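Next comes upload-v4.tsv, with TSV, C-alpha atoms.
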```tsv
chain	number	residue	atom	x	y	z
A	1	MET	CA	9.81	-30.11	2.05
A	2	GLY	CA	10.38	-26.68	3.68
A	3	PRO	CA	10.22	-24.38	0.60
A	4	PRO	CA	6.98	-25.83	-0.86
A	5	ASP	CA	5.20	-25.38	2.46
A	6	LYS	CA	6.43	-21.80	2.60
A	7	ASP	CA	5.26	-21.16	-0.96
A	8	LYS	CA	1.82	-22.59	-0.16
A	9	TRP	CA	1.60	-20.35	2.88
A	10	ARG	CA	2.43	-17.29	0.78
A	11	LEU	CA	-0.15	-18.23	-1.83
A	12	GLY	CA	-2.73	-18.71	0.90
A	13	GLU	CA	-1.91	-15.33	2.42
A	14	ALA	CA	-2.19	-13.63	-0.98
A	15	ALA	CA	-5.58	-15.21	-1.62
A	16	ASN	CA	-6.74	-14.23	1.85
A	17	ARG	CA	-5.72	-10.60	1.26
A	18	ASP	CA	-7.55	-10.49	-2.08
A	19	PHE	CA	-10.77	-12.10	-0.78
A	20	TYR	CA	-13.66	-9.73	-1.37
A	21	ILE	CA	-15.01	-9.96	2.19
A	22	PRO	CA	-12.78	-7.75	4.35
A	23	ASP	CA	-11.38	-8.69	7.74
A	24	LEU	CA	-14.49	-8.28	9.89
A	25	CYS	CA	-12.50	-8.57	13.11
A	26	GLY	CA	-10.91	-5.16	12.62
A	27	PRO	CA	-12.27	-2.19	14.62
A	28	ARG	CA	-13.11	-0.24	11.47
A	29	ALA	CA	-15.19	-3.07	10.00
A	30	VAL	CA	-16.98	-3.68	13.33
A	31	PHE	CA	-17.82	0.01	13.64
A	32	PHE	CA	-19.18	0.03	10.07
A	33	LEU	CA	-21.39	-3.02	10.72
A	34	VAL	CA	-22.70	-1.72	14.05
A	35	LEU	CA	-23.49	1.69	12.57
A	36	LEU	CA	-25.16	0.21	9.47
A	37	SER	CA	-27.30	-2.18	11.49
A	38	GLU	CA	-28.41	0.60	13.86
A	39	LEU	CA	-29.42	2.74	10.88
A	40	VAL	CA	-31.47	-0.16	9.49
A	41	VAL	CA	-33.26	-0.64	12.84
A	42	LEU	CA	-33.87	3.11	13.09
A	43	ALA	CA	-35.35	3.20	9.59
A	44	TYR	CA	-37.56	0.20	10.41
A	45	VAL	CA	-38.93	1.75	13.62
A	46	LEU	CA	-39.50	5.13	11.93
A	47	ALA	CA	-41.38	3.42	9.09
A	48	LEU	CA	-43.73	1.71	11.58
A	49	GLY	CA	-44.49	4.54	14.02
A	50	GLY	CA	-43.20	7.78	12.57
A	51	LEU	CA	-41.19	10.41	14.38
A	52	LEU	CA	-43.93	11.75	16.67
A	53	HIS	CA	-44.81	8.28	18.02
A	54	PHE	CA	-41.33	6.83	18.02
A	55	ASP	CA	-41.35	3.43	19.75
A	56	TRP	CA	-38.23	3.38	21.92
A	57	ALA	CA	-39.01	-0.08	23.30
A	58	ARG	CA	-39.19	-1.54	19.78
A	59	PHE	CA	-35.97	0.31	18.88
A	60	ALA	CA	-34.15	-1.08	21.95
A	61	SER	CA	-35.31	-4.66	21.41
A	62	GLY	CA	-34.62	-4.48	17.68
A	63	SER	CA	-31.13	-3.05	18.31
A	64	LEU	CA	-30.31	-5.75	20.85
A	65	MET	CA	-31.33	-8.60	18.60
A	66	THR	CA	-29.81	-7.06	15.45
A	67	GLN	CA	-26.46	-6.44	17.12
A	68	TRP	CA	-26.34	-10.03	18.37
A	69	ILE	CA	-26.95	-11.28	14.83
A	70	VAL	CA	-24.52	-8.84	13.18
A	71	LEU	CA	-21.64	-9.25	15.63
A	72	SER	CA	-22.01	-13.04	15.83
A	73	SER	CA	-22.12	-13.31	12.03
A	74	ALA	CA	-19.07	-11.04	11.74
A	75	LEU	CA	-17.15	-13.20	14.23
A	76	VAL	CA	-17.95	-16.44	12.40
A	77	LEU	CA	-17.12	-14.92	9.00
A	78	CYS	CA	-13.89	-13.54	10.40
A	79	LEU	CA	-12.85	-16.99	11.67
A	80	ALA	CA	-13.95	-18.64	8.41
A	81	ARG	CA	-12.39	-16.01	6.13
A	82	GLN	CA	-9.26	-18.01	5.28
A	83	PRO	CA	-11.05	-21.26	4.28
A	84	PHE	CA	-13.75	-19.26	2.44
A	85	SER	CA	-11.06	-17.42	0.46
A	86	ARG	CA	-10.05	-20.73	-1.15
A	87	LEU	CA	-13.55	-21.25	-2.56
A	88	SER	CA	-14.89	-19.88	-5.83
A	89	LEU	CA	-16.85	-16.64	-5.76
A	90	PRO	CA	-20.32	-18.28	-5.93
A	91	LEU	CA	-19.47	-20.90	-3.29
A	92	SER	CA	-17.93	-18.38	-0.89
A	93	THR	CA	-20.96	-16.12	-1.30
A	94	VAL	CA	-23.41	-18.97	-0.63
A	95	ALA	CA	-21.36	-20.10	2.37
A	96	SER	CA	-21.31	-16.55	3.78
A	97	LEU	CA	-25.07	-16.17	3.34
A	98	ALA	CA	-25.58	-19.55	5.00
A	99	VAL	CA	-23.53	-18.39	8.00
A	100	VAL	CA	-25.69	-15.27	8.38
A	101	LEU	CA	-28.92	-17.26	8.08
A	102	LEU	CA	-27.79	-19.89	10.61
A	103	VAL	CA	-26.77	-17.21	13.09
A	104	THR	CA	-30.09	-15.42	12.54
A	105	ALA	CA	-32.03	-18.61	13.13
A	106	ALA	CA	-30.04	-19.37	16.28
A	107	VAL	CA	-30.46	-15.88	17.75
A	108	SER	CA	-34.16	-15.79	16.82
A	109	GLY	CA	-34.74	-19.18	18.40
A	110	ALA	CA	-32.90	-18.14	21.56
A	111	THR	CA	-34.94	-14.94	21.72
A	112	MET	CA	-38.24	-16.83	21.40
A	113	THR	CA	-37.16	-19.25	24.12
A	114	TRP	CA	-35.55	-17.02	26.74
A	115	LEU	CA	-36.75	-13.49	25.88
A	116	PRO	CA	-40.29	-13.96	24.59
A	117	GLN	CA	-41.16	-10.34	25.43
A	118	PHE	CA	-38.85	-9.26	22.59
A	119	ALA	CA	-40.27	-11.79	20.12
A	120	ARG	CA	-43.76	-12.28	18.73
A	121	PRO	CA	-44.76	-15.78	19.90
A	122	GLU	CA	-48.28	-15.38	18.51
A	123	SER	CA	-46.90	-15.35	14.98
A	124	GLY	CA	-44.63	-18.33	15.63
A	125	GLY	CA	-42.72	-19.47	12.58
A	126	TRP	CA	-43.74	-16.44	10.52
A	127	TRP	CA	-41.70	-14.17	12.80
A	128	LEU	CA	-38.67	-16.43	12.35
A	129	LEU	CA	-39.23	-16.54	8.58
A	130	ARG	CA	-39.44	-12.74	8.47
A	131	ASN	CA	-36.13	-12.45	10.31
A	132	LEU	CA	-34.45	-14.90	7.94
A	133	LEU	CA	-35.77	-13.06	4.90
A	134	LEU	CA	-34.60	-9.68	6.23
A	135	ALA	CA	-31.19	-11.15	7.10
A	136	PHE	CA	-30.89	-12.67	3.63
A	137	ILE	CA	-31.70	-9.39	1.87
A	138	LEU	CA	-29.44	-7.21	4.03
A	139	ALA	CA	-26.57	-9.72	3.96
A	140	GLY	CA	-26.87	-9.97	0.18
A	141	ILE	CA	-26.69	-6.17	-0.17
A	142	THR	CA	-23.70	-6.00	2.18
A	143	LEU	CA	-21.83	-8.78	0.37
A	144	ARG	CA	-22.52	-7.04	-2.95
A	145	TYR	CA	-21.08	-3.84	-1.49
A	146	PHE	CA	-17.95	-5.70	-0.31
A	147	TYR	CA	-17.54	-7.27	-3.76
A	148	LEU	CA	-17.84	-3.94	-5.58
A	149	GLN	CA	-15.37	-2.36	-3.15
A	150	GLN	CA	-12.90	-5.16	-3.82
A	151	GLN	CA	-13.30	-4.76	-7.59
A	152	LEU	CA	-12.70	-1.03	-7.23
A	153	ARG	CA	-9.52	-1.68	-5.25
A	154	VAL	CA	-8.30	-4.13	-7.91
A	155	GLN	CA	-8.97	-1.56	-10.64
A	156	GLU	CA	-7.14	1.13	-8.69
A	157	LYS	CA	-4.17	-1.18	-8.18
A	158	LEU	CA	-4.01	-1.98	-11.90
A	159	GLU	CA	-4.16	1.71	-12.82
A	160	LEU	CA	-1.52	2.53	-10.22
A	161	GLN	CA	0.76	-0.24	-11.48
A	162	SER	CA	0.35	1.03	-15.04
A	163	ARG	CA	1.32	4.54	-13.94
A	164	LEU	CA	4.32	3.28	-12.00
A	165	ASP	CA	5.51	1.15	-14.93
A	166	SER	CA	5.26	4.21	-17.17
A	167	LEU	CA	7.25	6.34	-14.74
A	168	ARG	CA	9.86	3.62	-14.29
A	169	ALA	CA	10.20	3.23	-18.05
A	170	ARG	CA	10.94	6.95	-18.33
A	171	ILE	CA	13.64	6.75	-15.64
A	172	ARG	CA	15.58	3.78	-17.06
A	173	PRO	CA	16.66	5.21	-20.47
A	174	HIS	CA	17.82	8.40	-18.75
A	175	PHE	CA	19.71	6.35	-16.18
A	176	LEU	CA	21.32	4.12	-18.86
A	177	PHE	CA	22.36	7.14	-20.96
A	178	ASN	CA	24.14	8.82	-18.06
A	179	THR	CA	25.89	5.63	-16.98
A	180	LEU	CA	27.07	4.76	-20.51
A	181	ASN	CA	28.23	8.33	-20.93
A	182	SER	CA	30.41	7.89	-17.85
A	183	ILE	CA	31.88	4.64	-19.17
A	184	ALA	CA	32.51	6.12	-22.65
A	185	SER	CA	34.68	8.83	-21.12
A	186	LEU	CA	36.97	6.14	-19.68
A	187	ILE	CA	37.45	3.93	-22.75
A	188	ALA	CA	40.22	5.93	-24.45
A	189	SER	CA	42.23	6.90	-21.39
A	190	ARG	CA	41.65	4.01	-18.98
A	191	PRO	CA	40.36	0.92	-20.85
A	192	ASP	CA	40.95	-1.43	-17.88
A	193	VAL	CA	38.89	0.83	-15.66
A	194	ALA	CA	36.20	1.05	-18.37
A	195	GLU	CA	36.05	-2.75	-18.50
A	196	GLN	CA	35.52	-2.89	-14.75
A	197	ALA	CA	32.84	-0.20	-15.10
A	198	VAL	CA	31.01	-2.32	-17.69
A	199	GLU	CA	30.99	-5.24	-15.26
A	200	ASP	CA	29.65	-2.95	-12.54
A	201	LEU	CA	27.00	-1.69	-14.96
A	202	ALA	CA	25.88	-5.27	-15.68
A	203	GLU	CA	25.58	-5.91	-11.96
A	204	LEU	CA	23.77	-2.60	-11.53
A	205	PHE	CA	21.20	-3.44	-14.19
A	206	ARG	CA	20.73	-6.93	-12.84
A	207	ALA	CA	19.81	-5.37	-9.51
A	208	SER	CA	17.64	-2.62	-11.01
A	209	LEU	CA	15.63	-5.09	-13.11
A	210	GLN	CA	14.56	-6.91	-9.95
A	211	GLU	CA	11.67	-4.52	-9.53
A	212	SER	CA	9.10	-6.57	-7.67
A	213	ALA	CA	7.14	-4.18	-5.50
A	214	GLU	CA	6.94	-6.67	-2.63
A	215	GLY	CA	10.16	-7.20	-0.71
A	216	ALA	CA	11.97	-4.10	-2.07
A	217	SER	CA	13.66	-2.34	0.82
A	218	VAL	CA	15.94	0.56	1.69
A	219	ALA	CA	18.88	-1.88	1.81
A	220	ASP	CA	18.17	-2.97	-1.79
A	221	GLU	CA	18.06	0.62	-3.02
A	222	LEU	CA	21.22	1.52	-1.11
A	223	ARG	CA	23.03	-1.32	-2.87
A	224	LEU	CA	21.85	0.07	-6.21
A	225	CYS	CA	23.11	3.53	-5.29
A	226	ARG	CA	26.51	2.23	-4.17
A	227	LEU	CA	26.96	0.35	-7.46
A	228	TYR	CA	26.11	3.49	-9.40
A	229	LEU	CA	28.45	5.65	-7.33
A	230	GLU	CA	31.29	3.16	-7.84
A	231	ILE	CA	30.96	3.66	-11.60
A	232	GLU	CA	30.89	7.44	-11.24
A	233	LYS	CA	33.85	7.28	-8.86
A	234	LEU	CA	35.90	5.67	-11.63
A	235	ARG	CA	35.17	8.65	-13.88
A	236	LEU	CA	35.33	11.51	-11.38
A	237	GLY	CA	37.95	10.17	-8.99
A	238	GLU	CA	38.60	12.39	-5.98
A	239	ARG	CA	36.20	15.02	-7.34
A	240	LEU	CA	33.36	12.87	-6.02
A	241	GLN	CA	33.04	12.48	-2.26
A	242	VAL	CA	30.12	10.68	-0.62
A	243	LEU	CA	28.98	11.00	2.98
A	244	TRP	CA	26.64	8.22	4.11
A	245	GLU	CA	24.44	8.79	7.15
A	246	VAL	CA	22.25	5.69	7.28
A	247	ASP	CA	20.39	4.62	10.40
A	248	PRO	CA	20.64	0.79	10.57
A	249	ALA	CA	17.03	0.69	11.79
A	250	VAL	CA	15.82	2.04	8.43
A	251	GLU	CA	17.37	-0.58	6.15
A	252	ASP	CA	14.48	-3.05	6.45
A	253	ALA	CA	11.86	-0.40	5.61
A	254	ALA	CA	10.01	-0.67	2.29
A	255	MET	CA	11.34	1.40	-0.59
A	256	PRO	CA	10.46	0.78	-4.27
A	257	SER	CA	13.28	0.13	-6.71
A	258	LEU	CA	14.77	3.13	-8.57
A	259	PHE	CA	13.40	5.43	-5.90
A	260	LEU	CA	16.53	6.83	-4.27
A	261	GLN	CA	18.96	6.14	-7.14
A	262	PRO	CA	17.58	8.85	-9.51
A	263	LEU	CA	18.09	11.45	-6.76
A	264	VAL	CA	21.68	10.30	-6.24
A	265	GLU	CA	22.21	10.33	-10.01
A	266	ASN	CA	20.90	13.90	-10.15
A	267	ALA	CA	23.29	14.91	-7.38
A	268	VAL	CA	26.23	13.56	-9.39
A	269	TYR	CA	25.24	14.48	-12.93
A	270	HIS	CA	23.75	17.93	-12.29
A	271	GLY	CA	25.84	18.85	-9.25
A	272	VAL	CA	29.30	17.42	-8.65
A	273	ALA	CA	30.14	16.60	-12.30
A	274	ARG	CA	29.39	20.20	-13.40
A	275	LEU	CA	31.85	21.70	-10.94
A	276	PRO	CA	35.57	21.71	-11.92
A	277	GLU	CA	36.58	21.11	-8.31
A	278	GLY	CA	33.84	18.52	-7.75
A	279	GLY	CA	32.20	18.25	-4.35
A	280	GLY	CA	30.56	16.03	-1.78
A	281	ILE	CA	27.18	14.31	-1.75
A	282	ARG	CA	25.40	13.69	1.53
A	283	ILE	CA	22.92	10.80	1.66
A	284	ALA	CA	21.02	10.51	4.95
A	285	LEU	CA	18.27	8.03	5.82
A	286	ALA	CA	16.65	7.75	9.23
A	287	ARG	CA	13.56	6.52	11.06
A	288	ARG	CA	11.20	9.08	12.54
A	289	GLY	CA	8.79	6.88	14.46
A	290	GLU	CA	6.90	4.91	11.79
A	291	ARG	CA	8.10	7.23	9.00
A	292	VAL	CA	11.20	7.14	6.82
A	293	SER	CA	13.16	10.34	6.21
A	294	VAL	CA	15.51	10.63	3.21
A	295	VAL	CA	17.85	13.54	2.46
A	296	VAL	CA	20.10	13.88	-0.60
A	297	GLU	CA	22.31	16.98	-0.68
A	298	ASN	CA	24.87	18.11	-3.26
A	299	PRO	CA	26.73	21.27	-4.33
A	300	LEU	CA	24.57	23.59	-6.42
A	301	ALA	CA	26.04	23.91	-9.91
A	302	PRO	CA	25.17	26.87	-12.16
A	303	SER	CA	21.78	26.39	-13.93
A	304	ALA	CA	21.50	22.81	-12.64
A	305	ALA	CA	18.14	23.43	-11.03
A	306	GLU	CA	16.59	24.39	-14.34
A	307	HIS	CA	18.00	21.43	-16.28
A	308	ALA	CA	15.28	19.30	-17.92
A	309	GLY	CA	16.80	15.99	-16.80
A	310	ASN	CA	17.00	17.10	-13.20
A	311	ARG	CA	13.39	18.28	-13.30
A	312	MET	CA	12.15	15.07	-14.93
A	313	ALA	CA	13.72	12.82	-12.29
A	314	LEU	CA	12.32	14.92	-9.44
A	315	GLU	CA	8.83	14.90	-10.99
A	316	ASN	CA	8.95	11.14	-11.50
A	317	VAL	CA	10.06	10.45	-7.95
A	318	SER	CA	7.40	12.84	-6.64
A	319	LEU	CA	4.64	11.12	-8.64
A	320	ARG	CA	5.75	7.64	-7.59
A	321	LEU	CA	6.05	8.75	-3.95
A	322	ARG	CA	2.46	9.98	-3.79
A	323	ALA	CA	1.09	7.19	-5.98
A	324	ILE	CA	2.56	4.48	-3.74
A	325	PHE	CA	2.41	6.03	-0.27
A	326	GLY	CA	-0.53	8.42	-0.62
A	327	ALA	CA	-1.01	12.13	-0.05
A	328	ASP	CA	0.60	11.87	3.39
A	329	ALA	CA	4.02	11.40	1.76
A	330	SER	CA	6.00	14.53	0.91
A	331	ILE	CA	8.96	15.72	-1.13
A	332	ALA	CA	10.68	19.06	-0.59
A	333	VAL	CA	13.41	20.79	-2.62
A	334	ALA	CA	15.60	23.57	-1.22
A	335	ARG	CA	18.48	25.66	-2.58
A	336	GLU	CA	20.48	27.44	0.09
A	337	ASN	CA	24.11	28.15	1.00
A	338	GLY	CA	25.30	26.78	-2.33
A	339	GLN	CA	23.64	23.41	-1.73
A	340	PHE	CA	20.80	21.61	-3.51
A	341	ARG	CA	18.76	19.55	-1.06
A	342	VAL	CA	15.96	17.01	-1.65
A	343	GLU	CA	14.00	15.64	1.30
A	344	LEU	CA	11.56	12.72	1.18
A	345	ASP	CA	9.24	11.69	3.98
A	346	TYR	CA	6.79	8.77	3.90
A	347	ASN	CA	5.25	6.01	5.96
A	348	PRO	CA	6.17	2.58	4.48
A	349	GLU	CA	3.17	0.98	6.21
A	350	GLN	CA	0.77	3.16	4.20
A	351	ALA	CA	1.64	1.75	0.78
A	352	LEU	CA	-1.50	1.72	-1.38
```

Translate this structure into structure tokens?
Amino acid sequence: MGPPDKDKWRLGEAANRDFYIPDLCGPRAVFFLVLLSELVVLAYVLALGGLLHFDWARFASGSLMTQWIVLSSALVLCLARQPFSRLSLPLSTVASLAVVLLVTAAVSGATMTWLPQFARPESGGWWLLRNLLLAFILAGITLRYFYLQQQLRVQEKLELQSRLDSLRARIRPHFLFNTLNSIASLIASRPDVAEQAVEDLAELFRASLQESAEGASVADELRLCRLYLEIEKLRLGERLQVLWEVDPAVEDAAMPSLFLQPLVENAVYHGVARLPEGGGIRIALARRGERVSVVVENPLAPSAAEHAGNRMALENVSLRLRAIFGADASIAVARENGQFRVELDYNPEQAL
């Protein structure tokens, strides 16, 4: 009975994340609602009295009552967000509007009873009806805004996924060609080693095809790199040396599949393999607060930096880095002291 419950929980969490009404308990959402409601009250008071005869008392009383309605409605909608997310779009919208109207009626009634100086008792029910109508209109506009924002986010995610799939599709044939090229060089001279390399390649592709964006981690990508390097080690032997500097704290951090492996492949194919004496590759991953730092360093072979394959992999990784983790992520390339160095820096919590 354990796994089904877990699956239901995951489905519920996914639906809750995709619900068009955002989490109104967050500080950003509360600030937005408070600011928007104050602007509405300000516009209302200016429309009644103008700027020269601005009614500060009306503004204060209107702000007090409006903030009670807005913050109370936000709290109830925040608490009801998960059950509302299971409803259809029309039902969840009607339920949300009903919450706002009920809160408005309750606050208006309390104001008429305990703070009559802020209400208009001479107009009785008409004052309450006016408040309900205003609340209905403003809540409807706000919900429409939330819905359009959610649709925009969905569209951006679909476009981003399409771009990432395109970039990944460009990496895989290049990756397969280089790996098969390594195996082909072993068939004539070392067929038993070539057979083992084919088995490693099958395992490597099985791992690389598991490309779900959610759950991919640094540990998964490191496993992919180690499989690839084992194949290259069979071909290059002692010419290929690898220095791993991996902070254990970084292994659980998010990292998309085929993110680090193309950089390691570049280091082998355009660096070590082009040097008769071979060389060493340094792969370093560490935590820097909330950020992940990645360094891949290899000997600089003649004309390797200008090679089209090297350039394509770097461009693809750079595009995927910024597409997934935003403009705050960075990639830097340096050539100094006979070494080619690639540095990545990103915050895994800022995935778009």

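Among A:Asn347, A:Ser293, A:Ser96, A:Ser61, the residue with the shortest atom-to-atom distance to Ala80 (chain A), counting all atoms listed in the file, is A:Ser96.
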
Original post:
Could you name the residues that touch Leu260 (chain A) at 10 Å or less, counting all atoms listed in the file, but leaving out those on the same chain fewer than 6 positions away, as a PyMOL selection string?
Top reply: chain A and resi 218+221-222+224-225+283+294-296+317+344

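Distances here use all atoms listed in the file; by that measure, the residue among A:Leu285, A:Leu275, A:Leu227, A:Val76 closest to Val342 (chain A) is A:Leu285.
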
Put the listed atoms of region 35-42 of chain A in a box along x, y and z with 3 Å added on every side and give me the centre and edge lengths in Å to one decimal, as AutoDock Vina command-line options.
```
--center_x -28.7 --center_y 0.5 --center_z 11.7 --size_x 16.4 --size_y 11.3 --size_z 10.4
```

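Among the candidates A:Arg130, A:Arg28, A:Lys157, A:Arg144, the residue lying nearest to Ile324 (chain A) is A:Lys157 (atoms considered: only C-alpha atoms).
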
Original post:
What separation in Å, quoted to one decimal, exists between CA of Arg341 (chain A) and CA of His270 (chain A)?
Top reply: 12.4 Å

Original post:
Counting only C-alpha atoms, which of A:Val100, A:Ala60, A:Ala286, A:Val333 gets nearest to Leu263 (chain A)?
Top reply: A:Val333

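CA of Leu101 (chain A) is found 8.9 Å from CA of Ala139 (chain A).
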
Original post:
What would the list of residues within 10 Å of (20.6, 7.0, -8.7) (file frame) look like as a list in words, if all atoms listed in the file are what count?
Top reply: Ile171, Phe175, Thr179, Glu221, Leu222, Leu224, Cys225, Arg226, Leu227, Tyr228, Leu229, Leu258, Phe259, Leu260, Gln261, Pro262, Leu263, Val264, Glu265, Asn266, Ala267, Val268, Tyr269 and Ala313 of chain A

Output of region 19-46 of chain A limited to N, CA and C atoms, as a PDB file, in the first residue's frame:
```pdb
ATOM      1  N   PHE A  19      -1.389  24.733 -10.235  1.00  0.00           N
ATOM      2  CA  PHE A  19      -2.635  25.458 -10.037  1.00  0.00           C
ATOM      3  C   PHE A  19      -2.410  26.931 -10.373  1.00  0.00           C
ATOM      4  N   TYR A  20      -3.394  27.531 -11.046  1.00  0.00           N
ATOM      5  CA  TYR A  20      -3.161  28.876 -11.579  1.00  0.00           C
ATOM      6  C   TYR A  20      -3.117  29.959 -10.504  1.00  0.00           C
ATOM      7  N   ILE A  21      -3.732  29.713  -9.334  1.00  0.00           N
ATOM      8  CA  ILE A  21      -3.616  30.676  -8.239  1.00  0.00           C
ATOM      9  C   ILE A  21      -2.302  30.403  -7.504  1.00  0.00           C
ATOM     10  N   PRO A  22      -1.414  31.375  -7.420  1.00  0.00           N
ATOM     11  CA  PRO A  22      -0.123  31.140  -6.775  1.00  0.00           C
ATOM     12  C   PRO A  22      -0.264  30.963  -5.265  1.00  0.00           C
ATOM     13  N   ASP A  23       0.821  30.628  -4.625  1.00  0.00           N
ATOM     14  CA  ASP A  23       0.839  30.487  -3.172  1.00  0.00           C
ATOM     15  C   ASP A  23       0.743  31.877  -2.546  1.00  0.00           C
ATOM     16  N   LEU A  24      -0.430  32.208  -2.032  1.00  0.00           N
ATOM     17  CA  LEU A  24      -0.671  33.551  -1.498  1.00  0.00           C
ATOM     18  C   LEU A  24      -0.144  33.734  -0.083  1.00  0.00           C
ATOM     19  N   CYS A  25       0.502  32.710   0.461  1.00  0.00           N
ATOM     20  CA  CYS A  25       1.121  32.857   1.779  1.00  0.00           C
ATOM     21  C   CYS A  25       2.555  33.370   1.678  1.00  0.00           C
ATOM     22  N   GLY A  26       3.119  33.364   0.477  1.00  0.00           N
ATOM     23  CA  GLY A  26       4.490  33.816   0.312  1.00  0.00           C
ATOM     24  C   GLY A  26       4.610  35.323   0.460  1.00  0.00           C
ATOM     25  N   PRO A  27       5.754  35.816   0.916  1.00  0.00           N
ATOM     26  CA  PRO A  27       5.933  37.266   1.125  1.00  0.00           C
ATOM     27  C   PRO A  27       5.784  38.072  -0.159  1.00  0.00           C
ATOM     28  N   ARG A  28       6.212  37.520  -1.277  1.00  0.00           N
ATOM     29  CA  ARG A  28       6.107  38.244  -2.541  1.00  0.00           C
ATOM     30  C   ARG A  28       4.654  38.450  -2.939  1.00  0.00           C
ATOM     31  N   ALA A  29       3.847  37.380  -2.804  1.00  0.00           N
ATOM     32  CA  ALA A  29       2.427  37.468  -3.152  1.00  0.00           C
ATOM     33  C   ALA A  29       1.691  38.418  -2.211  1.00  0.00           C
ATOM     34  N   VAL A  30       2.016  38.360  -0.915  1.00  0.00           N
ATOM     35  CA  VAL A  30       1.365  39.261   0.058  1.00  0.00           C
ATOM     36  C   VAL A  30       1.696  40.714  -0.254  1.00  0.00           C
ATOM     37  N   PHE A  31       2.967  40.967  -0.572  1.00  0.00           N
ATOM     38  CA  PHE A  31       3.360  42.339  -0.918  1.00  0.00           C
ATOM     39  C   PHE A  31       2.606  42.828  -2.157  1.00  0.00           C
ATOM     40  N   PHE A  32       2.476  41.962  -3.157  1.00  0.00           N
ATOM     41  CA  PHE A  32       1.759  42.322  -4.382  1.00  0.00           C
ATOM     42  C   PHE A  32       0.297  42.657  -4.070  1.00  0.00           C
ATOM     43  N   LEU A  33      -0.353  41.850  -3.254  1.00  0.00           N
ATOM     44  CA  LEU A  33      -1.763  42.079  -2.933  1.00  0.00           C
ATOM     45  C   LEU A  33      -1.953  43.355  -2.115  1.00  0.00           C
ATOM     46  N   VAL A  34      -1.082  43.572  -1.135  1.00  0.00           N
ATOM     47  CA  VAL A  34      -1.185  44.783  -0.317  1.00  0.00           C
ATOM     48  C   VAL A  34      -0.985  46.024  -1.175  1.00  0.00           C
ATOM     49  N   LEU A  35       0.042  45.993  -2.025  1.00  0.00           N
ATOM     50  CA  LEU A  35       0.325  47.145  -2.885  1.00  0.00           C
ATOM     51  C   LEU A  35      -0.825  47.403  -3.859  1.00  0.00           C
ATOM     52  N   LEU A  36      -1.347  46.335  -4.475  1.00  0.00           N
ATOM     53  CA  LEU A  36      -2.434  46.489  -5.441  1.00  0.00           C
ATOM     54  C   LEU A  36      -3.692  47.046  -4.764  1.00  0.00           C
ATOM     55  N   SER A  37      -4.009  46.533  -3.597  1.00  0.00           N
ATOM     56  CA  SER A  37      -5.211  47.016  -2.906  1.00  0.00           C
ATOM     57  C   SER A  37      -5.060  48.471  -2.482  1.00  0.00           C
ATOM     58  N   GLU A  38      -3.870  48.878  -2.037  1.00  0.00           N
ATOM     59  CA  GLU A  38      -3.646  50.277  -1.666  1.00  0.00           C
ATOM     60  C   GLU A  38      -3.778  51.201  -2.882  1.00  0.00           C
ATOM     61  N   LEU A  39      -3.301  50.736  -4.025  1.00  0.00           N
ATOM     62  CA  LEU A  39      -3.443  51.542  -5.242  1.00  0.00           C
ATOM     63  C   LEU A  39      -4.909  51.694  -5.627  1.00  0.00           C
ATOM     64  N   VAL A  40      -5.701  50.646  -5.447  1.00  0.00           N
ATOM     65  CA  VAL A  40      -7.130  50.717  -5.751  1.00  0.00           C
ATOM     66  C   VAL A  40      -7.822  51.719  -4.823  1.00  0.00           C
ATOM     67  N   VAL A  41      -7.500  51.657  -3.528  1.00  0.00           N
ATOM     68  CA  VAL A  41      -8.094  52.607  -2.573  1.00  0.00           C
ATOM     69  C   VAL A  41      -7.674  54.034  -2.907  1.00  0.00           C
ATOM     70  N   LEU A  42      -6.403  54.221  -3.251  1.00  0.00           N
ATOM     71  CA  LEU A  42      -5.909  55.550  -3.605  1.00  0.00           C
ATOM     72  C   LEU A  42      -6.641  56.092  -4.831  1.00  0.00           C
ATOM     73  N   ALA A  43      -6.817  55.243  -5.837  1.00  0.00           N
ATOM     74  CA  ALA A  43      -7.533  55.678  -7.038  1.00  0.00           C
ATOM     75  C   ALA A  43      -8.981  56.034  -6.717  1.00  0.00           C
ATOM     76  N   TYR A  44      -9.608  55.259  -5.824  1.00  0.00           N
ATOM     77  CA  TYR A  44     -10.993  55.514  -5.443  1.00  0.00           C
ATOM     78  C   TYR A  44     -11.134  56.868  -4.732  1.00  0.00           C
ATOM     79  N   VAL A  45     -10.237  57.134  -3.778  1.00  0.00           N
ATOM     80  CA  VAL A  45     -10.308  58.388  -3.029  1.00  0.00           C
ATOM     81  C   VAL A  45      -9.995  59.580  -3.934  1.00  0.00           C
ATOM     82  N   LEU A  46      -9.025  59.434  -4.826  1.00  0.00           N
ATOM     83  CA  LEU A  46      -8.702  60.515  -5.760  1.00  0.00           C
ATOM     84  C   LEU A  46      -9.874  60.800  -6.692  1.00  0.00           C
TER      85      LEU A  46
END
```
